Amino acid sequence: MSTHIGAQPGEIAERVLMPGDPLRAKWIAETYLDDPTCYSQVRGMFGYTGRWGGVEVSVQGSGMGMPSASIYAHELINDYGAKSLIRVGSCGALTTDLQLRDVIAASGSSTDSNMNRFRFDGLIDYAPVADFGLLRTSVGVAERRGIAMRVGPILAADAFYTDRPDLYERLAQYGVLAVEMESAALYTIAARYKARALTVLTVSDHIVTGAKTSAQDREQTFGQMVEIALDTIVA
Ligand SMILES: O=P(O)(O)O[C@H]1O[C@H](CO)[C@@H](O)[C@H]1O
Ligand SMILES: O=c1cc[nH]c(=O)[nH]1
């Protein structure tokens with residue numbers, strides 16, 4: 001096992017879905033995968049492997065925020081040989097043309113995190129982006145499934161509760177669709193270790209209108225993004 005994942009070598013697939021919520025990982029595995037088996041419960045961060053369309057797929061909870069997600073992405077790639085990672089998360093919409101439960105694929109991820117400034121000595125504003133092949137495939141999958149998925153840039157924020165809503169307004173002026181808390185780290189680590197990554201999100205709450213879904217909805221009802229992610233990762 002690795003430091004934070006309790007799987008034996010070979011128990012994790014090369015294709016991994018990564019929800020922040022470990023109970024969403026359990027729900028995805030038990031709802032969508034054939035013959036799911038739980039390979040890790042370390043720290044309550046569930047990981048499962050099963051099959052989708054006959055292809056082995058794992059689902060690994062990654063926790064909230066970039067420090068946590070970075071640990072799981074790093075170990076999945078470097079200790080278990082994961083090659084494709086698709087985050088399936090919830091997000092807050094920043095623009096008024098988005099509604100609750102809309103699905104978004106994140107083409108790129110701005111961030112207020114210091115992790116990449118540290119990585120590049122504060123000299124480069126690295127631009128974390130999705131793997132183009134996965135992004136392109138996900139667009140085709142969404143079209144075939146009749147899901148109106150938005151594609152665009154998002155913000156990966158360190159804090160869920162912000163004192164600077166004015167910055168969210170400004171980001172929206174620059175076309176940033178939504179805020180979540182992991183994508184920039186996922187894209188950066190995947191690039192660093194030559195894996196592919198994509199983030200597919202469901203709007204769980206609206207920063208402008210204040211509308212929101214329940215915790216149970218966020219855990220167990222965001223099925224469209226899961227179906228897009230599964231079809232994309234096995235394509
Ligand atoms: O629903 P998940 O995947 O956890 O994603 C979002 O939800 C959490 C905050 O509520 C953060 O992890 C954020 O990125
Ligand atoms: O990070 C997140 C996730 C959902 N909603 C938000 O406002 N922020």
# chains A, B, ... in the order shown; residues from 1 in each chain; ligands from 1

call {"tool": "select_by_dssp", "arguments": {"residues": "range 13-229 of chain A", "states": "helix (DSSP H, G or I)", "output": "PyMOL selection string"}}
result
chain A and resi 22-32+42-44+66-78+115-119+132-145+165-173+183-192+215-220+223-229

call {"tool": "residues_near_ligand", "arguments": {"ligand": "ligand 1", "cutoff": "7 Å", "atoms": "only C-alpha atoms and all ligand atoms", "output": "ChimeraX atom specification"}}
result
/A:19-21,63-65,88-91,160,180-182,218

call {"tool": "write_last_selection", "arguments": {"atoms": "C-alpha atoms", "output": "short mmCIF file (atom, residue, chain, number, x, y, z; two decimals), in the first residue's frame"}}
result
data_model
loop_
_atom_site.label_atom_id
_atom_site.label_comp_id
_atom_site.auth_asym_id
_atom_site.auth_seq_id
_atom_site.Cartn_x
_atom_site.Cartn_y
_atom_site.Cartn_z
CA PRO A 19 -14.75 12.68 -6.46
CA GLY A 20 -13.82 14.85 -3.48
CA ASP A 21 -16.46 13.18 -1.35
CA GLY A 63 -10.96 14.93 -0.05
CA MET A 64 -11.49 18.67 -0.09
CA GLY A 65 -8.86 21.10 -1.29
CA VAL A 88 -16.12 14.34 -10.72
CA GLY A 89 -16.97 17.18 -8.35
CA SER A 90 -19.44 19.78 -7.21
CA CYS A 91 -18.96 23.50 -7.84
CA PHE A 160 -14.76 27.45 0.39
CA GLU A 180 -14.27 24.41 -6.84
CA MET A 181 -11.19 23.40 -4.88
CA GLU A 182 -9.02 20.75 -6.61
CA ARG A 218 -24.15 16.28 -3.75
#

call {"tool": "closest_residue", "arguments": {"among": "A:Leu100, A:Leu186, A:Ala197, A:Val139", "to": "ligand 2", "atoms": "only C-alpha atoms and all ligand atoms"}}
result
A:Leu100

call {"tool": "residues_around", "arguments": {"residues": "range 55-57 of chain A", "least_positions_apart": "4", "cutoff": "8 Å", "atoms": "only C-alpha atoms", "output": "list in words"}}
result
Ile12, Ala13, Glu14, Arg15, Val16, Leu17, Leu33, Thr49, Gly50, Arg51 and Val234 of chain A

call {"tool": "write_last_selection", "arguments": {"atoms": "N, CA and C atoms", "output": "short mmCIF file (atom, residue, chain, number, x, y, z; two decimals), in the first residue's frame"}}
result
data_model
loop_
_atom_site.label_atom_id
_atom_site.label_comp_id
_atom_site.auth_asym_id
_atom_site.auth_seq_id
_atom_site.Cartn_x
_atom_site.Cartn_y
_atom_site.Cartn_z
N ILE A 12 -5.70 -1.19 -8.36
CA ILE A 12 -6.27 0.07 -8.87
C ILE A 12 -6.09 0.12 -10.38
N ALA A 13 -7.16 0.49 -11.08
CA ALA A 13 -7.13 0.53 -12.55
C ALA A 13 -6.29 1.71 -13.04
N GLU A 14 -5.92 1.64 -14.33
CA GLU A 14 -5.21 2.78 -14.94
C GLU A 14 -6.15 3.97 -15.12
N ARG A 15 -7.45 3.72 -15.09
CA ARG A 15 -8.46 4.77 -15.27
C ARG A 15 -9.16 5.01 -13.94
N VAL A 16 -9.10 6.26 -13.46
CA VAL A 16 -9.62 6.53 -12.11
C VAL A 16 -10.51 7.77 -12.12
N LEU A 17 -11.72 7.63 -11.57
CA LEU A 17 -12.57 8.78 -11.29
C LEU A 17 -12.25 9.28 -9.88
N LEU A 33 -20.71 0.71 -11.30
CA LEU A 33 -19.69 -0.27 -11.71
C LEU A 33 -20.18 -1.70 -11.54
N THR A 49 -12.64 -0.52 -7.11
CA THR A 49 -12.39 -0.89 -8.51
C THR A 49 -13.52 -1.80 -8.99
N GLY A 50 -13.99 -1.54 -10.20
CA GLY A 50 -15.01 -2.38 -10.83
C GLY A 50 -14.86 -2.27 -12.33
N ARG A 51 -15.94 -2.51 -13.06
CA ARG A 51 -15.87 -2.42 -14.52
C ARG A 51 -17.03 -1.57 -15.05
N VAL A 234 -13.28 5.37 -20.49
CA VAL A 234 -13.07 4.06 -21.13
C VAL A 234 -12.98 4.15 -22.66
#

call {"tool": "residues_around", "arguments": {"residues": "Asp217 in chain A", "least_positions_apart": "2", "cutoff": "12 Å", "atoms": "only C-alpha atoms", "output": "list in words"}}
result
Asp21, Leu23, Arg24, Trp27, Ser90, Leu100, Arg101, Thr202, Val203, Ser204, Asp205, Lys212, Thr213, Ser214, Ala215, Glu219, Gln220, Thr221, Phe222 and Gly223 of chain A

call {"tool": "atom_distance", "arguments": {"atom1": "CA of Val59 in chain A", "atom2": "CA of Leu230 in chain A"}}
result
10.1 Å

call {"tool": "closest_residue", "arguments": {"among": "A:Tyr187, A:Tyr193, A:Tyr168, A:Tyr80", "to": "His206 in chain A", "atoms": "only C-alpha atoms"}}
result
A:Tyr168

call {"tool": "atom_distance", "arguments": {"atom1": "CA of Gln41 in chain A", "atom2": "CA of Gln60 in chain A"}}
result
10.0 Å

call {"tool": "closest_residue", "arguments": {"among": "A:Tyr72, A:Tyr161, A:Trp52, A:Tyr39", "to": "ligand 2", "atoms": "only C-alpha atoms and all ligand atoms"}}
result
A:Tyr161

call {"tool": "closest_residue", "arguments": {"among": "A:Thr232, A:Ser183, A:Thr188, A:Ser84", "to": "ligand 2", "atoms": "only C-alpha atoms and all ligand atoms"}}
result
A:Ser183

call {"tool": "closest_residue", "arguments": {"among": "A:Arg150, A:Arg119, A:Arg170, A:Lys83", "to": "Ala106 in chain A", "atoms": "only C-alpha atoms"}}
result
A:Arg150

call {"tool": "atom_distance", "arguments": {"atom1": "CA of Ala191 in chain A", "atom2": "CA of Ala148 in chain A"}}
result
27.9 Å

call {"tool": "closest_residue", "arguments": {"among": "A:Ser70, A:Thr31, A:Thr95, A:Thr199", "to": "Gly108 in chain A", "atoms": "only C-alpha atoms"}}
result
A:Thr199

call {"tool": "select_by_dssp", "arguments": {"residues": "range 36-156 of chain A", "states": "strand (DSSP E)", "output": "ChimeraX atom specification"}}
result
/A:36-40,47-52,55-60,84-93,103-111,150-156

call {"tool": "write_last_selection", "arguments": {"atoms": "C-alpha atoms", "output": "PDB file, in the first residue's frame"}}
result
ATOM      1  CA  PRO A  36     -17.127  -3.226  -7.400  1.00  0.00           C
ATOM      2  CA  THR A  37     -14.640  -4.098  -4.678  1.00  0.00           C
ATOM      3  CA  CYS A  38     -13.396  -1.695  -2.039  1.00  0.00           C
ATOM      4  CA  TYR A  39      -9.578  -1.587  -2.053  1.00  0.00           C
ATOM      5  CA  SER A  40      -9.062   1.170   0.518  1.00  0.00           C
ATOM      6  CA  GLY A  47     -11.488   3.598  -3.141  1.00  0.00           C
ATOM      7  CA  TYR A  48     -13.194   1.004  -5.344  1.00  0.00           C
ATOM      8  CA  THR A  49     -12.393  -0.887  -8.512  1.00  0.00           C
ATOM      9  CA  GLY A  50     -15.013  -2.385 -10.830  1.00  0.00           C
ATOM     10  CA  ARG A  51     -15.874  -2.416 -14.523  1.00  0.00           C
ATOM     11  CA  TRP A  52     -17.737  -0.036 -16.807  1.00  0.00           C
ATOM     12  CA  VAL A  55     -13.263  -1.992 -18.807  1.00  0.00           C
ATOM     13  CA  GLU A  56     -11.615  -1.754 -15.369  1.00  0.00           C
ATOM     14  CA  VAL A  57     -12.235   1.590 -13.687  1.00  0.00           C
ATOM     15  CA  SER A  58     -11.430   2.757 -10.148  1.00  0.00           C
ATOM     16  CA  VAL A  59     -13.110   5.479  -8.111  1.00  0.00           C
ATOM     17  CA  GLN A  60     -10.999   7.130  -5.434  1.00  0.00           C
ATOM     18  CA  SER A  84      -6.136   8.811 -16.719  1.00  0.00           C
ATOM     19  CA  LEU A  85      -7.786  10.731 -13.887  1.00  0.00           C
ATOM     20  CA  ILE A  86     -11.187  12.400 -14.148  1.00  0.00           C
ATOM     21  CA  ARG A  87     -12.346  14.459 -11.222  1.00  0.00           C
ATOM     22  CA  VAL A  88     -16.121  14.344 -10.719  1.00  0.00           C
ATOM     23  CA  GLY A  89     -16.968  17.185  -8.354  1.00  0.00           C
ATOM     24  CA  SER A  90     -19.444  19.779  -7.215  1.00  0.00           C
ATOM     25  CA  CYS A  91     -18.960  23.500  -7.836  1.00  0.00           C
ATOM     26  CA  GLY A  92     -20.403  26.946  -7.256  1.00  0.00           C
ATOM     27  CA  ALA A  93     -21.569  28.754 -10.402  1.00  0.00           C
ATOM     28  CA  VAL A 103     -22.628  20.083 -15.967  1.00  0.00           C
ATOM     29  CA  ILE A 104     -19.283  21.750 -16.731  1.00  0.00           C
ATOM     30  CA  ALA A 105     -16.024  20.402 -18.170  1.00  0.00           C
ATOM     31  CA  ALA A 106     -13.107  22.510 -16.986  1.00  0.00           C
ATOM     32  CA  SER A 107     -10.792  23.356 -19.875  1.00  0.00           C
ATOM     33  CA  GLY A 108      -8.439  25.276 -17.598  1.00  0.00           C
ATOM     34  CA  SER A 109      -8.121  26.172 -13.961  1.00  0.00           C
ATOM     35  CA  SER A 110      -7.045  29.478 -12.445  1.00  0.00           C
ATOM     36  CA  THR A 111      -6.132  29.313  -8.794  1.00  0.00           C
ATOM     37  CA  ARG A 150     -20.612  23.694 -20.734  1.00  0.00           C
ATOM     38  CA  VAL A 151     -16.873  23.785 -21.439  1.00  0.00           C
ATOM     39  CA  GLY A 152     -14.714  26.564 -20.047  1.00  0.00           C
ATOM     40  CA  PRO A 153     -12.318  27.827 -17.421  1.00  0.00           C
ATOM     41  CA  ILE A 154     -12.935  27.534 -13.696  1.00  0.00           C
ATOM     42  CA  LEU A 155     -11.323  28.680 -10.450  1.00  0.00           C
ATOM     43  CA  ALA A 156      -9.717  26.264  -7.988  1.00  0.00           C
TER      44      ALA A 156
END

call {"tool": "decode", "arguments": {"residues": "range 61-110 of chain A", "atoms": "N, CA and C atoms", "output": "compact mmCIF listing (two decimals), in the first residue's frame"}}
result
# COMPACT_ATOMS: atom_id res chain seq x y z
N GLY A 61 -11.92 8.56 -3.66
CA GLY A 61 -12.18 9.84 -3.00
C GLY A 61 -10.87 10.60 -2.86
N SER A 62 -10.95 11.94 -2.98
CA SER A 62 -9.71 12.74 -2.90
C SER A 62 -9.74 13.78 -1.81
N GLY A 63 -10.89 13.92 -1.11
CA GLY A 63 -10.96 14.93 -0.05
C GLY A 63 -11.18 16.32 -0.61
N MET A 64 -11.21 17.28 0.30
CA MET A 64 -11.49 18.67 -0.09
C MET A 64 -10.21 19.50 -0.10
N GLY A 65 -9.99 20.18 -1.21
CA GLY A 65 -8.86 21.10 -1.29
C GLY A 65 -7.65 20.49 -1.98
N MET A 66 -6.78 21.38 -2.42
CA MET A 66 -5.64 20.93 -3.24
C MET A 66 -4.58 20.15 -2.47
N PRO A 67 -4.29 20.46 -1.21
CA PRO A 67 -3.33 19.60 -0.50
C PRO A 67 -3.80 18.15 -0.44
N SER A 68 -5.07 17.94 -0.16
CA SER A 68 -5.58 16.57 -0.07
C SER A 68 -5.61 15.90 -1.46
N ALA A 69 -6.21 16.57 -2.43
CA ALA A 69 -6.31 15.98 -3.77
C ALA A 69 -4.94 15.69 -4.36
N SER A 70 -3.95 16.53 -4.03
CA SER A 70 -2.59 16.32 -4.55
C SER A 70 -2.00 15.02 -4.07
N ILE A 71 -2.26 14.68 -2.81
CA ILE A 71 -1.74 13.43 -2.25
C ILE A 71 -2.31 12.25 -3.03
N TYR A 72 -3.61 12.24 -3.27
CA TYR A 72 -4.23 11.10 -3.94
C TYR A 72 -3.80 11.03 -5.41
N ALA A 73 -3.75 12.18 -6.08
CA ALA A 73 -3.31 12.15 -7.49
C ALA A 73 -1.88 11.65 -7.58
N HIS A 74 -1.02 12.14 -6.69
CA HIS A 74 0.39 11.73 -6.71
C HIS A 74 0.53 10.22 -6.51
N GLU A 75 -0.14 9.70 -5.50
CA GLU A 75 0.01 8.26 -5.19
C GLU A 75 -0.67 7.38 -6.25
N LEU A 76 -1.81 7.82 -6.76
CA LEU A 76 -2.47 7.03 -7.82
C LEU A 76 -1.55 6.88 -9.03
N ILE A 77 -0.90 7.98 -9.40
CA ILE A 77 -0.04 7.94 -10.59
C ILE A 77 1.29 7.23 -10.29
N ASN A 78 1.94 7.66 -9.23
CA ASN A 78 3.33 7.21 -9.00
C ASN A 78 3.43 5.86 -8.28
N ASP A 79 2.46 5.54 -7.45
CA ASP A 79 2.52 4.26 -6.72
C ASP A 79 1.67 3.18 -7.35
N TYR A 80 0.64 3.57 -8.11
CA TYR A 80 -0.27 2.56 -8.66
C TYR A 80 -0.37 2.58 -10.19
N GLY A 81 0.32 3.51 -10.84
CA GLY A 81 0.36 3.50 -12.31
C GLY A 81 -0.88 4.02 -12.99
N ALA A 82 -1.66 4.86 -12.30
CA ALA A 82 -2.84 5.45 -12.95
C ALA A 82 -2.40 6.32 -14.12
N LYS A 83 -3.17 6.23 -15.22
CA LYS A 83 -2.79 6.98 -16.43
C LYS A 83 -3.82 8.07 -16.77
N SER A 84 -5.08 7.84 -16.41
CA SER A 84 -6.14 8.81 -16.72
C SER A 84 -6.94 9.07 -15.45
N LEU A 85 -7.07 10.34 -15.10
CA LEU A 85 -7.79 10.73 -13.89
C LEU A 85 -8.88 11.72 -14.27
N ILE A 86 -10.11 11.42 -13.92
CA ILE A 86 -11.19 12.40 -14.15
C ILE A 86 -11.84 12.74 -12.81
N ARG A 87 -11.68 14.00 -12.43
CA ARG A 87 -12.35 14.46 -11.22
C ARG A 87 -13.84 14.63 -11.51
N VAL A 88 -14.67 14.16 -10.60
CA VAL A 88 -16.12 14.34 -10.72
C VAL A 88 -16.58 15.06 -9.45
N GLY A 89 -16.77 16.37 -9.55
CA GLY A 89 -16.97 17.18 -8.35
C GLY A 89 -18.19 18.07 -8.40
N SER A 90 -18.41 18.75 -7.29
CA SER A 90 -19.44 19.78 -7.21
C SER A 90 -18.77 21.14 -7.32
N CYS A 91 -19.55 22.17 -7.68
CA CYS A 91 -18.96 23.50 -7.84
C CYS A 91 -20.01 24.57 -7.61
N GLY A 92 -19.54 25.78 -7.36
CA GLY A 92 -20.40 26.95 -7.26
C GLY A 92 -20.35 27.73 -8.55
N ALA A 93 -21.52 28.01 -9.13
CA ALA A 93 -21.57 28.75 -10.40
C ALA A 93 -21.28 30.23 -10.16
N LEU A 94 -20.50 30.82 -11.06
CA LEU A 94 -20.16 32.24 -10.94
C LEU A 94 -20.94 33.10 -11.92
N THR A 95 -21.53 32.49 -12.94
CA THR A 95 -22.21 33.27 -13.97
C THR A 95 -23.71 32.97 -13.99
N THR A 96 -24.50 33.99 -14.33
CA THR A 96 -25.95 33.86 -14.21
C THR A 96 -26.57 32.97 -15.29
N ASP A 97 -25.80 32.62 -16.32
CA ASP A 97 -26.35 31.72 -17.34
C ASP A 97 -26.18 30.25 -16.95
N LEU A 98 -25.68 29.99 -15.76
CA LEU A 98 -25.61 28.61 -15.25
C LEU A 98 -26.66 28.41 -14.17
N GLN A 99 -27.18 27.17 -14.11
CA GLN A 99 -28.21 26.84 -13.13
C GLN A 99 -27.76 25.64 -12.30
N LEU A 100 -28.46 25.42 -11.18
CA LEU A 100 -28.18 24.23 -10.38
C LEU A 100 -28.26 23.00 -11.26
N ARG A 101 -27.32 22.06 -11.06
CA ARG A 101 -27.24 20.76 -11.73
C ARG A 101 -26.69 20.83 -13.16
N ASP A 102 -26.39 22.04 -13.65
CA ASP A 102 -25.70 22.10 -14.95
C ASP A 102 -24.34 21.40 -14.83
N VAL A 103 -23.90 20.82 -15.95
CA VAL A 103 -22.63 20.08 -15.97
C VAL A 103 -21.58 20.91 -16.73
N ILE A 104 -20.38 20.95 -16.17
CA ILE A 104 -19.28 21.75 -16.73
C ILE A 104 -18.05 20.87 -16.89
N ALA A 105 -17.37 20.99 -18.03
CA ALA A 105 -16.02 20.40 -18.17
C ALA A 105 -15.03 21.55 -18.11
N ALA A 106 -14.05 21.41 -17.23
CA ALA A 106 -13.11 22.51 -16.99
C ALA A 106 -11.92 22.42 -17.94
N SER A 107 -11.89 23.36 -18.91
CA SER A 107 -10.79 23.36 -19.87
C SER A 107 -9.50 23.84 -19.23
N GLY A 108 -9.62 24.76 -18.30
CA GLY A 108 -8.44 25.28 -17.60
C GLY A 108 -8.82 25.73 -16.22
N SER A 109 -7.82 25.89 -15.36
CA SER A 109 -8.12 26.17 -13.96
C SER A 109 -7.20 27.25 -13.41
N SER A 110 -7.77 28.45 -13.19
CA SER A 110 -7.05 29.48 -12.45
C SER A 110 -7.06 29.10 -10.98
